[in-house]
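Novice: Take this structure first; my questions come after.
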Amino acid sequence: MPLPFLTADRGFDTDDDVALPFDDHDQWRRPYRPGPWRVGAAAVALLLASFMLLATMIIAFAGAPPAAGVCFALAALVVVCALRMLRAGTWVSRHGLRRVAFLRTTTLAWAQITDVRTVQQPVRLLGLPRTVQGQALVAVRKGGGQLALLTDHNADFLARVEAFDRAADTVEAWSAEYGRS
């Protein structure tokens, strides 16, 4: 039974990628959806945090406030890590390109980037030390260095080649529109 309402996700499910009327190119946005590996890992971390908060409550009712405080702090740390894991990725705006990693964020203005292109190179599998041959979307800096933005084997695009191609094309389109102005 089809549902009679439209969702905000309808722009991704159609062939015509028409900008929605509330699109603001000055705000930072991720031009793709987070992948199932990233969302699943964050969900498991939040589930663990919920059990830790339950343990915090039990410890507090048992009469050990210092231990409850430590347990609460650890649960809060797990929640922060899960949220940071969900925030990781490549973000674009009219101002530039932002690569958010778990511990570090790198922001480049479009004027600092000479080219954004897809290359074949060894890439890390799910961010682990093991590398496999794959594709990476890289931003070439004016100084000659490269910044890997997306790979087809990271937590967003593992086993989702079409999604990687669509995201890479979108970031390249942002670069073509704002990078040469």
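Residue names in the structure tokens use chain letters A, B, ... in the order shown, residue numbers from 1 in each chain, and ligand numbers from 1 in the order shown.
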Any chance you could tabulate, as a tab-separated table, the residues of range 49-131 of chain A at most 10 Å from range 136-144 of chain A with each one's nearest atom pair and distance in Å to one decimal, using only C-alpha atoms, in chain and rising number order?
Specialist:
```
residue	atom	partner	partner_atom	distance
A:Leu97	CA	A:Ala139	CA	9.0
A:Leu108	CA	A:Arg141	CA	8.6
A:Ala109	CA	A:Arg141	CA	10.0
A:Trp110	CA	A:Arg141	CA	9.6
A:Ala111	CA	A:Lys142	CA	8.5
A:Gln112	CA	A:Lys142	CA	5.7
A:Ile113	CA	A:Arg141	CA	4.6
A:Thr114	CA	A:Lys142	CA	5.6
A:Asp115	CA	A:Val140	CA	5.2
A:Val116	CA	A:Ala139	CA	4.4
A:Arg117	CA	A:Leu137	CA	5.6
A:Thr118	CA	A:Leu137	CA	4.3
A:Val119	CA	A:Ala136	CA	5.5
A:Gln120	CA	A:Ala136	CA	6.4
A:Gln121	CA	A:Ala136	CA	6.9
A:Pro122	CA	A:Ala136	CA	8.5
A:Val123	CA	A:Ala136	CA	7.1
A:Arg124	CA	A:Ala136	CA	10.0
```
Novice: Please provide as a list in words all residues within 8 Å of Trp91 in chain A, with the sequence filter that same-chain residues fewer than 3 positions apart are discarded (counting only C-alpha atoms).
Specialist: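 Surrounding residues, per the criterion: Trp28, Arg29, Arg30, Pro31, Leu97, Arg98, Arg99 and Val100 of chain A.
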Novice: Excluding range 32-34 of chain A and any residue of its chain fewer than 3 positions from it, enumerate the residues within 8 Å of it, using only C-alpha atoms, and give them as a list in words.
Specialist: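 Contacts, in chain order: Arg38, Val39, Leu86, Asp156, Ala163 and Ala167 of chain A.
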Novice: Create the file for the chosen residues now, containing N, CA, C and O atoms and written as a tab-separated table (two decimals), in the first residue's frame.
Specialist:
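Below you can see selection24.tsv, which holds the result:
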```
chain	number	residue	atom	x	y	z
A	38	ARG	N	28.73	2.31	8.80
A	38	ARG	CA	28.89	3.43	9.74
A	38	ARG	C	27.69	3.54	10.67
A	38	ARG	O	27.82	3.69	11.88
A	39	VAL	N	26.49	3.44	10.11
A	39	VAL	CA	25.28	3.55	10.92
A	39	VAL	C	25.16	2.35	11.86
A	39	VAL	O	24.79	2.51	13.03
A	86	LEU	N	29.26	9.06	13.31
A	86	LEU	CA	28.22	9.40	12.34
A	86	LEU	C	28.53	10.69	11.59
A	86	LEU	O	28.12	10.85	10.44
A	156	ASP	N	31.12	4.08	4.43
A	156	ASP	CA	29.95	4.60	3.72
A	156	ASP	C	29.68	3.87	2.40
A	156	ASP	O	28.53	3.83	1.96
A	163	ALA	N	26.59	4.04	-5.17
A	163	ALA	CA	26.54	5.16	-4.23
A	163	ALA	C	27.86	5.92	-4.22
A	163	ALA	O	27.87	7.15	-4.14
A	167	ALA	N	28.21	9.82	-5.25
A	167	ALA	CA	28.80	10.79	-4.30
A	167	ALA	C	30.02	11.47	-4.91
A	167	ALA	O	30.20	12.68	-4.75
```
Novice: If you run DSSP on this backbone, which residues of range 95-173 of chain A come out as strand (DSSP E), and could you give them as a PyMOL selection string?
Specialist: chain A and resi 96-100+105-109+113-124+131-141+146-151
Novice: Fewer than 3 positions away in the same chain doesn't count, so skip those; otherwise give me all residues within 9 Å of range 44-58 of chain A, counting only C-alpha atoms, as a PyMOL selection string.
Specialist: chain A and resi 39-41+61-63+67-72+74-79+81-83
Novice: What does the structure give for the distance between CA of Thr151 in chain A and CA of Thr107 in chain A, in Å to one decimal?
Specialist: 18.0 Å
Novice: Quick one: pick out all alpha helix (DSSP H) residues within range 8-160 of chain A from a backbone DSSP run and write them as JSON, numbers by chain.
Specialist: {"A": [10, 11, 12, 13, 36, 37, 38, 39, 40, 41, 42, 43, 44, 45, 46, 47, 48, 49, 50, 51, 52, 53, 54, 55, 56, 57, 58, 59, 60, 61, 62, 65, 66, 67, 68, 69, 70, 71, 72, 73, 74, 75, 76, 77, 78, 79, 80, 81, 82, 83, 84, 85, 86, 87]}
Novice: Counting only C-alpha atoms, which residue out of A:Ala73, A:Ala60, A:Ala101, A:Val171 sits closest to Ala155 in chain A?
Specialist: A:Ala101
